[in-house]
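> Okay, here's the structure, questions in a sec.
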Amino acid sequence: MHLEPTVKLRGNVQLPRMGLGVWKLPAVQTLQVVGEALAAGYRHIDTAKIYGNEAEVGEAIRASGLARKTVFVTSKLWTDDHSKARAAAAFDESLQRLGTEWVDLFLSHFPVTGKRVETWQALQQIVNSGKCRAVGVSNYTVRHLQELMDRTHIIPAVNQVEFHPFLFQKDLLDFSRQHNIHLMAYSPLVHGHYHDNPVLRSVAQAHRRSVPQVMLRWLLQHGLSVIPKTTQKTHMIENLAVFDFQLSESEMEQINGLDQGLRTCWDPTQTP
Ligand SMILES: NC(=O)c1ccc[n+]([C@@H]2O[C@H](COP(=O)([O-])OP(=O)(O)OC[C@H]3O[C@@H](n4cnc5c(N)ncnc54)[C@H](OP(=O)(O)O)[C@@H]3O)[C@@H](O)[C@H]2O)c1
């Protein structure tokens with residue numbers, strides 16, 4: 001199974017399937033870590049207003065010497081800014097902090113009750129302004145996606161959600177495939193936990209790979225993109241090296257079977 005390193009989103013935008021997440025990366029460390037990731041070959045950085053490091057992400061991209069258009073930047077609209085009145089201004093503030101002319105992907109960070117439709121309409125205006133190439137959502141369930149589609153008839157390009165072997169969201173995956181919504185996996189390595197799981201270890205041993213590589217490959221083979229976070233150069237390189245081996249159908253099934261509905265970040269399932 002050959003996997004392309006990029007995927008085409010709605011609106012004809014190419015997204016690199018391997019990105020670096022920078023949540024909880026202190027601003028003072030961001031310039032160095034993102035610089036090392038770009039040097040190692042990463043071409044997608046996932047940040048957000050709430051991470052407090054957009055400015056340093058932008059600075060690292062400029063310092064890398066890479067052309068801006070070769071690096072994909074995702075940022076997110078924080079929950080306090082989910083209103084028609086605030087969304088455009090909050091986007092402009094993100095753009096200013098990043099110090100770039102455009103954002104590649106801008107996501108509504110969470111399905112805030114009572115604000116979803118107006119926020120989604122505001123994101124459409126942002127994409128129409130030309131300052132953002134694609135818009136999407138994060139932490140949306142099938143119910144929240146269906147609501148947006150019913151009420152606005154505009155389908156998000158991306159839904160960024162927690163997804164890993166211990167949270168195999170099969171129904172969401174099937175729905176996303178059916179509607180051509182790209183799923184991006186956050187916390188794909190469960191923050192470094194559960195790496196001693198016997199099933200993952202035995203699959204990793206069979207391929208002479210590490211458990212994190214198997215977790216990332218499992219996600220990629222299910223069609224997702226991934227944004228693992230690491231501050232270590234060796235892990236950056238290790239996590240990138242997942243395009244040259246393949247999990248068999250039976251290995252995929254074994255890993256699917258690890259699901260235990262484990263949510264370690266947000267739980268949007270009860271959000272009305
Ligand atoms: N949209 C949302 O609501 C949302 C929520 C959560 C996260 N996110 C995004 O998703 C990104 C990733 O999720 P995350 O930061 O929660 O956690 P994660 O990527 O699942 O795990 C990060 C942890 O794994 C370790 N790690 C990374 N590569 C490794 C390797 N090859 N071997 C061993 N350990 C390794 C890292 O430690 P080292 O630094 O030591 O490598 C770090 O402690 C975030 O940074 C953020 O961009 C989005």
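Identifiers for the structure tokens are assigned positionally: chains receive A, B, ... in sequence, residues are indexed from 1 per chain, and ligands are indexed from 1 in the order shown.
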With only C-alpha atoms as the counted atoms, please give the residues lying no more than 8 Å from A:Phe163, apart from itself and same-chain residues fewer than 2 positions off, as a PyMOL selection string.

chain A and resi 161+165-169+185-188+219

> What's the 8 Å shell around A:Ile155, counting only C-alpha atoms, without same-chain residues fewer than 4 positions away, as a VMD selection string?

chain A and resid 148 to 149 179 181

> Which residues sit within 6 Å of ligand 1, counting only C-alpha atoms and all ligand atoms, listed as a short mmCIF file (atom, residue, chain, number, x, y, z; two decimals) with N, CA and C atoms, in the first residue's frame?


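Saved file pocket29.cif follows:
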```
data_model
loop_
_atom_site.label_atom_id
_atom_site.label_comp_id
_atom_site.auth_asym_id
_atom_site.auth_seq_id
_atom_site.Cartn_x
_atom_site.Cartn_y
_atom_site.Cartn_z
N GLY A 21 2.91 18.91 15.89
CA GLY A 21 2.02 19.62 16.81
C GLY A 21 2.86 20.39 17.82
N VAL A 22 2.38 21.58 18.22
CA VAL A 22 3.19 22.39 19.15
C VAL A 22 2.40 22.81 20.40
N TRP A 23 1.39 22.02 20.76
CA TRP A 23 0.64 22.29 22.00
C TRP A 23 1.58 22.11 23.20
N ASP A 46 1.22 22.56 13.30
CA ASP A 46 -0.12 22.75 13.86
C ASP A 46 -0.03 23.56 15.14
N THR A 47 -0.54 24.81 15.10
CA THR A 47 -0.52 25.65 16.28
C THR A 47 -1.95 26.13 16.55
N HIS A 109 -11.96 25.61 16.99
CA HIS A 109 -11.25 24.71 17.91
C HIS A 109 -12.17 23.69 18.59
N SER A 138 -12.70 21.29 14.58
CA SER A 138 -11.93 20.39 15.44
C SER A 138 -12.83 19.91 16.56
N GLN A 160 -10.27 18.00 12.86
CA GLN A 160 -9.11 17.54 13.64
C GLN A 160 -9.63 17.00 14.98
N TYR A 186 -5.21 14.23 16.22
CA TYR A 186 -4.38 14.87 17.25
C TYR A 186 -4.11 13.89 18.38
N SER A 187 -3.07 14.19 19.18
CA SER A 187 -2.59 13.27 20.22
C SER A 187 -2.45 11.85 19.66
N PRO A 188 -1.82 11.70 18.49
CA PRO A 188 -1.76 10.38 17.85
C PRO A 188 -0.90 9.39 18.63
N LEU A 189 -0.05 9.91 19.54
CA LEU A 189 0.81 9.03 20.34
C LEU A 189 0.35 8.97 21.80
N VAL A 190 -0.90 9.39 22.05
CA VAL A 190 -1.48 9.40 23.41
C VAL A 190 -0.50 10.05 24.40
N HIS A 191 0.11 11.15 23.99
CA HIS A 191 1.05 11.93 24.83
C HIS A 191 2.23 11.08 25.31
N GLY A 192 2.56 10.03 24.58
CA GLY A 192 3.71 9.20 24.99
C GLY A 192 3.31 8.06 25.93
N PRO A 212 5.78 4.08 18.42
CA PRO A 212 5.22 5.31 17.83
C PRO A 212 5.10 5.23 16.31
N ILE A 227 -0.34 14.67 13.50
CA ILE A 227 0.44 15.83 13.96
C ILE A 227 1.10 15.52 15.30
N PRO A 228 1.97 14.48 15.36
CA PRO A 228 2.62 14.17 16.63
C PRO A 228 3.46 15.35 17.10
N LYS A 229 3.52 15.49 18.43
CA LYS A 229 4.39 16.53 19.00
C LYS A 229 5.66 15.88 19.52
N THR A 230 6.78 16.47 19.28
CA THR A 230 8.00 16.06 19.94
C THR A 230 8.95 17.24 20.02
N THR A 231 9.78 17.21 21.05
CA THR A 231 10.79 18.27 21.18
C THR A 231 12.17 17.70 20.84
N GLN A 232 12.19 16.39 20.54
CA GLN A 232 13.49 15.73 20.34
C GLN A 232 13.75 15.43 18.87
N HIS A 235 13.31 11.83 17.75
CA HIS A 235 11.91 11.45 17.60
C HIS A 235 11.28 12.08 16.35
N GLU A 238 12.41 9.88 13.57
CA GLU A 238 11.73 8.58 13.70
C GLU A 238 10.27 8.68 13.24
N ASN A 239 9.58 9.73 13.67
CA ASN A 239 8.16 9.86 13.36
C ASN A 239 7.91 10.14 11.87
N CYS A 265 -8.19 14.33 25.95
CA CYS A 265 -8.25 15.81 25.86
C CYS A 265 -9.68 16.27 26.11
#
```

> Please provide as a list of chain:residue names all residues within 10 Å of A:Glu251, with the sequence filter that same-chain residues fewer than 2 positions apart are discarded (counting only C-alpha atoms).

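Those residues are A:Val199, A:Leu200, A:Ser202, A:Val203, A:Val214, A:Trp218, A:Gln246, A:Leu247, A:Ser248, A:Glu249, A:Glu253, A:Gln254, A:Ile255, A:Asn256, A:Gly257.
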
> Now that the selection is made, can you save its residues with C-alpha atoms as a CSV table (one decimal), in the first residue's frame?


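Result file is again.csv:
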```csv
chain,number,residue,atom,x,y,z
A,199,VAL,CA,0.0,-5.8,20.7
A,200,LEU,CA,1.7,-2.6,19.6
A,202,SER,CA,4.7,-7.2,18.9
A,203,VAL,CA,3.7,-5.5,15.6
A,214,VAL,CA,3.4,1.7,14.2
A,218,TRP,CA,-1.9,2.7,11.5
A,246,GLN,CA,3.2,-1.4,5.6
A,247,LEU,CA,0.9,-3.0,8.2
A,248,SER,CA,-0.9,-6.1,7.0
A,249,GLU,CA,-4.7,-6.3,7.2
A,253,GLU,CA,-7.4,-5.4,12.7
A,254,GLN,CA,-5.4,-6.3,15.8
A,255,ILE,CA,-4.7,-2.6,16.4
A,256,ASN,CA,-8.3,-1.7,15.7
A,257,GLY,CA,-9.2,-4.1,18.5
```

> Calculated over only C-alpha atoms, which of the candidates A:His195, A:Glu118, A:Val226, A:Leu105 has the smallest distance to A:Val211?

A:His195

> Stretch 70-152 of chain A near stretch 3-11 of chain A within 12 Å: what's each residue's closest atom pair and its distance in Å to one decimal, counting only C-alpha atoms, ordered by chain then ascending residue number, as JSON lines?


```
{"residue": "A:Phe72", "atom": "CA", "partner": "A:Thr6", "partner_atom": "CA", "distance": 10.8}
{"residue": "A:Asp104", "atom": "CA", "partner": "A:Leu9", "partner_atom": "CA", "distance": 11.1}
{"residue": "A:Leu105", "atom": "CA", "partner": "A:Leu9", "partner_atom": "CA", "distance": 10.2}
{"residue": "A:Val127", "atom": "CA", "partner": "A:Gly11", "partner_atom": "CA", "distance": 10.2}
{"residue": "A:Asn128", "atom": "CA", "partner": "A:Gly11", "partner_atom": "CA", "distance": 11.4}
{"residue": "A:Cys132", "atom": "CA", "partner": "A:Gly11", "partner_atom": "CA", "distance": 11.3}
{"residue": "A:Arg133", "atom": "CA", "partner": "A:Gly11", "partner_atom": "CA", "distance": 7.9}
{"residue": "A:Ala134", "atom": "CA", "partner": "A:Gly11", "partner_atom": "CA", "distance": 6.9}
{"residue": "A:Val135", "atom": "CA", "partner": "A:Arg10", "partner_atom": "CA", "distance": 9.4}
{"residue": "A:Gly136", "atom": "CA", "partner": "A:Arg10", "partner_atom": "CA", "distance": 10.0}
```

> List the spatial neighbours of A:Ile61 as a VMD selection string - criterion: any atom at most 12 Å away, only C-alpha atoms, same-chain residues fewer than 5 positions off excluded.

chain A and resid 30 to 39 42 to 45 54 to 56 66 to 73 98 to 100

> Please produce a file of the residues just selected, as a PDB file, in the first residue's frame, where the atoms kept are N, CA and C atoms.


```
ATOM      1  N   THR A  30      10.022  27.243  21.126  1.00  0.00           N
ATOM      2  CA  THR A  30       9.355  26.974  19.845  1.00  0.00           C
ATOM      3  C   THR A  30      10.241  27.278  18.642  1.00  0.00           C
ATOM      4  N   LEU A  31      10.971  28.383  18.726  1.00  0.00           N
ATOM      5  CA  LEU A  31      11.808  28.764  17.585  1.00  0.00           C
ATOM      6  C   LEU A  31      12.784  27.626  17.250  1.00  0.00           C
ATOM      7  N   GLN A  32      13.417  27.088  18.303  1.00  0.00           N
ATOM      8  CA  GLN A  32      14.403  26.020  18.084  1.00  0.00           C
ATOM      9  C   GLN A  32      13.741  24.717  17.609  1.00  0.00           C
ATOM     10  N   VAL A  33      12.658  24.297  18.291  1.00  0.00           N
ATOM     11  CA  VAL A  33      12.030  23.004  17.968  1.00  0.00           C
ATOM     12  C   VAL A  33      11.435  23.039  16.552  1.00  0.00           C
ATOM     13  N   VAL A  34      10.713  24.105  16.239  1.00  0.00           N
ATOM     14  CA  VAL A  34      10.104  24.178  14.898  1.00  0.00           C
ATOM     15  C   VAL A  34      11.212  24.295  13.838  1.00  0.00           C
ATOM     16  N   GLY A  35      12.267  25.021  14.159  1.00  0.00           N
ATOM     17  CA  GLY A  35      13.400  25.131  13.225  1.00  0.00           C
ATOM     18  C   GLY A  35      14.005  23.756  12.946  1.00  0.00           C
ATOM     19  N   GLU A  36      14.164  22.955  13.999  1.00  0.00           N
ATOM     20  CA  GLU A  36      14.731  21.609  13.815  1.00  0.00           C
ATOM     21  C   GLU A  36      13.780  20.718  13.014  1.00  0.00           C
ATOM     22  N   ALA A  37      12.490  20.872  13.285  1.00  0.00           N
ATOM     23  CA  ALA A  37      11.512  20.056  12.550  1.00  0.00           C
ATOM     24  C   ALA A  37      11.530  20.410  11.062  1.00  0.00           C
ATOM     25  N   LEU A  38      11.593  21.693  10.755  1.00  0.00           N
ATOM     26  CA  LEU A  38      11.616  22.103   9.339  1.00  0.00           C
ATOM     27  C   LEU A  38      12.890  21.590   8.679  1.00  0.00           C
ATOM     28  N   ALA A  39      14.002  21.641   9.418  1.00  0.00           N
ATOM     29  CA  ALA A  39      15.269  21.141   8.862  1.00  0.00           C
ATOM     30  C   ALA A  39      15.205  19.626   8.644  1.00  0.00           C
ATOM     31  N   TYR A  42       9.845  18.346   8.072  1.00  0.00           N
ATOM     32  CA  TYR A  42       8.422  18.628   8.326  1.00  0.00           C
ATOM     33  C   TYR A  42       7.993  19.827   7.497  1.00  0.00           C
ATOM     34  N   ARG A  43       6.782  19.743   6.945  1.00  0.00           N
ATOM     35  CA  ARG A  43       6.256  20.853   6.145  1.00  0.00           C
ATOM     36  C   ARG A  43       4.843  21.224   6.572  1.00  0.00           C
ATOM     37  N   HIS A  44       4.470  20.796   7.784  1.00  0.00           N
ATOM     38  CA  HIS A  44       3.174  21.202   8.344  1.00  0.00           C
ATOM     39  C   HIS A  44       3.372  21.435   9.840  1.00  0.00           C
ATOM     40  N   ILE A  45       2.972  22.611  10.308  1.00  0.00           N
ATOM     41  CA  ILE A  45       3.044  22.926  11.734  1.00  0.00           C
ATOM     42  C   ILE A  45       1.619  23.241  12.210  1.00  0.00           C
ATOM     43  N   GLU A  54       2.130  31.110  18.380  1.00  0.00           N
ATOM     44  CA  GLU A  54       1.976  31.392  16.940  1.00  0.00           C
ATOM     45  C   GLU A  54       3.118  32.290  16.438  1.00  0.00           C
ATOM     46  N   ALA A  55       3.471  33.308  17.250  1.00  0.00           N
ATOM     47  CA  ALA A  55       4.508  34.252  16.791  1.00  0.00           C
ATOM     48  C   ALA A  55       5.826  33.521  16.542  1.00  0.00           C
ATOM     49  N   GLU A  56       6.167  32.598  17.458  1.00  0.00           N
ATOM     50  CA  GLU A  56       7.445  31.879  17.330  1.00  0.00           C
ATOM     51  C   GLU A  56       7.390  30.862  16.187  1.00  0.00           C
ATOM     52  N   LEU A  66      12.984  28.631   4.176  1.00  0.00           N
ATOM     53  CA  LEU A  66      12.072  27.952   3.246  1.00  0.00           C
ATOM     54  C   LEU A  66      11.058  28.965   2.722  1.00  0.00           C
ATOM     55  N   ALA A  67      10.647  28.772   1.473  1.00  0.00           N
ATOM     56  CA  ALA A  67       9.610  29.664   0.933  1.00  0.00           C
ATOM     57  C   ALA A  67       8.330  29.424   1.727  1.00  0.00           C
ATOM     58  N   ARG A  68       7.652  30.487   2.078  1.00  0.00           N
ATOM     59  CA  ARG A  68       6.427  30.368   2.886  1.00  0.00           C
ATOM     60  C   ARG A  68       5.454  29.370   2.275  1.00  0.00           C
ATOM     61  N   LYS A  69       5.357  29.369   0.945  1.00  0.00           N
ATOM     62  CA  LYS A  69       4.337  28.514   0.320  1.00  0.00           C
ATOM     63  C   LYS A  69       4.676  27.021   0.422  1.00  0.00           C
ATOM     64  N   THR A  70       5.893  26.700   0.855  1.00  0.00           N
ATOM     65  CA  THR A  70       6.246  25.278   0.988  1.00  0.00           C
ATOM     66  C   THR A  70       5.943  24.732   2.384  1.00  0.00           C
ATOM     67  N   VAL A  71       5.528  25.612   3.292  1.00  0.00           N
ATOM     68  CA  VAL A  71       5.216  25.160   4.660  1.00  0.00           C
ATOM     69  C   VAL A  71       3.733  25.399   4.933  1.00  0.00           C
ATOM     70  N   PHE A  72       3.052  24.347   5.337  1.00  0.00           N
ATOM     71  CA  PHE A  72       1.616  24.405   5.612  1.00  0.00           C
ATOM     72  C   PHE A  72       1.416  24.776   7.078  1.00  0.00           C
ATOM     73  N   VAL A  73       0.624  25.814   7.331  1.00  0.00           N
ATOM     74  CA  VAL A  73       0.408  26.266   8.714  1.00  0.00           C
ATOM     75  C   VAL A  73      -1.077  26.153   9.067  1.00  0.00           C
ATOM     76  N   LEU A  98       1.420  35.320  13.575  1.00  0.00           N
ATOM     77  CA  LEU A  98       2.213  34.432  12.718  1.00  0.00           C
ATOM     78  C   LEU A  98       3.133  35.226  11.794  1.00  0.00           C
ATOM     79  N   GLY A  99       2.732  36.452  11.503  1.00  0.00           N
ATOM     80  CA  GLY A  99       3.544  37.307  10.634  1.00  0.00           C
ATOM     81  C   GLY A  99       3.591  36.798   9.209  1.00  0.00           C
ATOM     82  N   THR A 100       2.483  36.198   8.769  1.00  0.00           N
ATOM     83  CA  THR A 100       2.427  35.698   7.394  1.00  0.00           C
ATOM     84  C   THR A 100       1.265  36.372   6.662  1.00  0.00           C
TER      85      THR A 100
END
```

> Have a look at atom CA of A:Met252 and atom CA of A:His222 and let me know their distance in Å, one decimal.

8.8 Å

> Let's see if you can do this: from backbone DSSP, list all strand (DSSP E or B) residues in stretch 18-263 of chain A, as a PyMOL selection string.

chain A and resi 18+20-21+44-46+72-77+103-108+132-138+158-162+164+167+182-186+225-226

> Show me, as a VMD selection string, the residues that have an atom within 12 Å of A:Arg143 when counting only C-alpha atoms, minus same-chain residues fewer than 4 positions from it.

chain A and resid 111 116 139 147 to 150 171 to 172 175 to 176 268 to 272

> Quick one: write out the picked residues with C-alpha atoms as a compact mmCIF listing (two decimals), in the first residue's frame?


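Okay, out-v3.txt is ready:
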```txt
# COMPACT_ATOMS: atom_id res chain seq x y z
CA PRO A 111 -18.08 22.73 18.78
CA ARG A 116 -21.42 26.62 15.71
CA ASN A 139 -13.43 18.07 18.05
CA GLU A 147 -25.84 19.96 11.95
CA LEU A 148 -23.39 22.21 10.06
CA MET A 149 -24.10 20.47 6.79
CA ASP A 150 -27.89 20.63 7.27
CA ASP A 171 -18.27 5.79 12.87
CA LEU A 172 -16.67 9.22 12.52
CA PHE A 175 -18.95 9.42 7.94
CA SER A 176 -15.91 11.53 7.03
CA PRO A 268 -17.32 16.63 22.80
CA THR A 269 -19.76 13.69 22.76
CA GLN A 270 -22.02 15.25 25.42
CA THR A 271 -21.80 18.81 24.02
CA PRO A 272 -25.35 19.76 23.02
```

> Residues of stretch 44-203 of chain A in alpha helix (DSSP H) according to DSSP, as a VMD selection string?

chain A and resid 54 to 64 84 to 98 116 to 128 142 to 152 170 to 179 198 to 203

> Residues as selected, C-alpha atoms, written as a PDB file, in the first residue's frame, can you do that?


```
ATOM      1  CA  GLU A  54       1.976  31.392  16.940  1.00  0.00           C
ATOM      2  CA  ALA A  55       4.508  34.252  16.791  1.00  0.00           C
ATOM      3  CA  GLU A  56       7.445  31.879  17.330  1.00  0.00           C
ATOM      4  CA  VAL A  57       6.081  29.403  14.768  1.00  0.00           C
ATOM      5  CA  GLY A  58       5.984  32.216  12.200  1.00  0.00           C
ATOM      6  CA  GLU A  59       9.469  33.341  13.190  1.00  0.00           C
ATOM      7  CA  ALA A  60      10.850  29.801  12.842  1.00  0.00           C
ATOM      8  CA  ILE A  61       9.395  29.486   9.345  1.00  0.00           C
ATOM      9  CA  ARG A  62      10.973  32.780   8.278  1.00  0.00           C
ATOM     10  CA  ALA A  63      14.292  31.824   9.894  1.00  0.00           C
ATOM     11  CA  SER A  64      14.305  28.451   8.083  1.00  0.00           C
ATOM     12  CA  LYS A  84     -19.726  36.361  14.141  1.00  0.00           C
ATOM     13  CA  ALA A  85     -18.466  39.570  15.733  1.00  0.00           C
ATOM     14  CA  ARG A  86     -15.144  38.139  17.036  1.00  0.00           C
ATOM     15  CA  ALA A  87     -14.143  35.477  14.496  1.00  0.00           C
ATOM     16  CA  ALA A  88     -12.772  37.725  11.724  1.00  0.00           C
ATOM     17  CA  ALA A  89     -10.848  39.912  14.191  1.00  0.00           C
ATOM     18  CA  ALA A  90      -9.443  36.843  15.987  1.00  0.00           C
ATOM     19  CA  PHE A  91      -8.310  35.395  12.660  1.00  0.00           C
ATOM     20  CA  ASP A  92      -6.542  38.664  11.783  1.00  0.00           C
ATOM     21  CA  GLU A  93      -4.821  38.609  15.179  1.00  0.00           C
ATOM     22  CA  SER A  94      -3.561  35.052  14.522  1.00  0.00           C
ATOM     23  CA  LEU A  95      -2.326  36.158  11.114  1.00  0.00           C
ATOM     24  CA  GLN A  96      -0.503  39.101  12.690  1.00  0.00           C
ATOM     25  CA  ARG A  97       1.121  36.951  15.351  1.00  0.00           C
ATOM     26  CA  LEU A  98       2.213  34.432  12.718  1.00  0.00           C
ATOM     27  CA  ARG A 116     -21.420  26.619  15.707  1.00  0.00           C
ATOM     28  CA  VAL A 117     -23.420  27.869  12.726  1.00  0.00           C
ATOM     29  CA  GLU A 118     -22.483  31.559  13.013  1.00  0.00           C
ATOM     30  CA  THR A 119     -18.825  30.649  13.584  1.00  0.00           C
ATOM     31  CA  TRP A 120     -18.834  28.394  10.540  1.00  0.00           C
ATOM     32  CA  GLN A 121     -20.386  31.147   8.427  1.00  0.00           C
ATOM     33  CA  ALA A 122     -17.722  33.570   9.682  1.00  0.00           C
ATOM     34  CA  LEU A 123     -14.996  31.070   8.669  1.00  0.00           C
ATOM     35  CA  GLN A 124     -16.490  30.967   5.165  1.00  0.00           C
ATOM     36  CA  GLN A 125     -16.056  34.728   4.915  1.00  0.00           C
ATOM     37  CA  ILE A 126     -12.451  34.384   6.037  1.00  0.00           C
ATOM     38  CA  VAL A 127     -11.731  31.835   3.318  1.00  0.00           C
ATOM     39  CA  ASN A 128     -13.475  34.060   0.768  1.00  0.00           C
ATOM     40  CA  VAL A 142     -20.920  13.155  13.520  1.00  0.00           C
ATOM     41  CA  ARG A 143     -23.862  14.958  15.124  1.00  0.00           C
ATOM     42  CA  HIS A 144     -22.072  18.336  15.039  1.00  0.00           C
ATOM     43  CA  LEU A 145     -20.931  17.801  11.430  1.00  0.00           C
ATOM     44  CA  GLN A 146     -24.422  16.817  10.327  1.00  0.00           C
ATOM     45  CA  GLU A 147     -25.843  19.957  11.946  1.00  0.00           C
ATOM     46  CA  LEU A 148     -23.386  22.212  10.060  1.00  0.00           C
ATOM     47  CA  MET A 149     -24.101  20.474   6.788  1.00  0.00           C
ATOM     48  CA  ASP A 150     -27.893  20.626   7.268  1.00  0.00           C
ATOM     49  CA  ARG A 151     -27.910  24.278   8.285  1.00  0.00           C
ATOM     50  CA  THR A 152     -25.249  25.774   6.010  1.00  0.00           C
ATOM     51  CA  LYS A 170     -14.860   4.124  13.336  1.00  0.00           C
ATOM     52  CA  ASP A 171     -18.271   5.789  12.873  1.00  0.00           C
ATOM     53  CA  LEU A 172     -16.666   9.222  12.521  1.00  0.00           C
ATOM     54  CA  LEU A 173     -14.123   7.798  10.068  1.00  0.00           C
ATOM     55  CA  ASP A 174     -16.853   6.221   7.911  1.00  0.00           C
ATOM     56  CA  PHE A 175     -18.949   9.417   7.941  1.00  0.00           C
ATOM     57  CA  SER A 176     -15.915  11.530   7.034  1.00  0.00           C
ATOM     58  CA  ARG A 177     -15.015   9.269   4.121  1.00  0.00           C
ATOM     59  CA  GLN A 178     -18.580   9.368   2.854  1.00  0.00           C
ATOM     60  CA  HIS A 179     -18.625  13.196   2.857  1.00  0.00           C
ATOM     61  CA  PRO A 198       1.930  -5.836  24.036  1.00  0.00           C
ATOM     62  CA  VAL A 199       0.005  -5.808  20.725  1.00  0.00           C
ATOM     63  CA  LEU A 200       1.741  -2.620  19.560  1.00  0.00           C
ATOM     64  CA  ARG A 201       5.104  -3.964  20.736  1.00  0.00           C
ATOM     65  CA  SER A 202       4.724  -7.232  18.898  1.00  0.00           C
ATOM     66  CA  VAL A 203       3.685  -5.515  15.635  1.00  0.00           C
TER      67      VAL A 203
END
```

> Name the closest residue to A:Leu220 among the candidates A:Ala27, A:Ile50, A:Leu183, A:Leu77; distances are taken between atoms, counting only C-alpha atoms.

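Closest residue, counting only C-alpha atoms: A:Leu183.
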
> For A:Met236, which residue out of A:Met215, A:Ala157, A:Met18, A:Ala40 is the nearest one, using only C-alpha atoms?

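Looking at the shortest contact to A:Met236, the residue is A:Ala40.
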
> Kindly indicate which residue among A:Arg263, A:His153, A:Arg208, A:Lys49 lies nearest to A:Thr79, using only C-alpha atoms for the distances.

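Ranked by minimum distance to A:Thr79, first place goes to A:Lys49.
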
> Between atom CA of A:Glu162 and atom CA of A:His182, what is the distance, to one decimal in Å?

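Between these atoms lies a distance of 13.4 Å.
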
> Which distance in Å separates atom CA of A:Thr141 and atom CA of A:Val13, to one decimal?

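Straight-line distance from atom CA of A:Thr141 to atom CA of A:Val13 works out to 23.4 Å.
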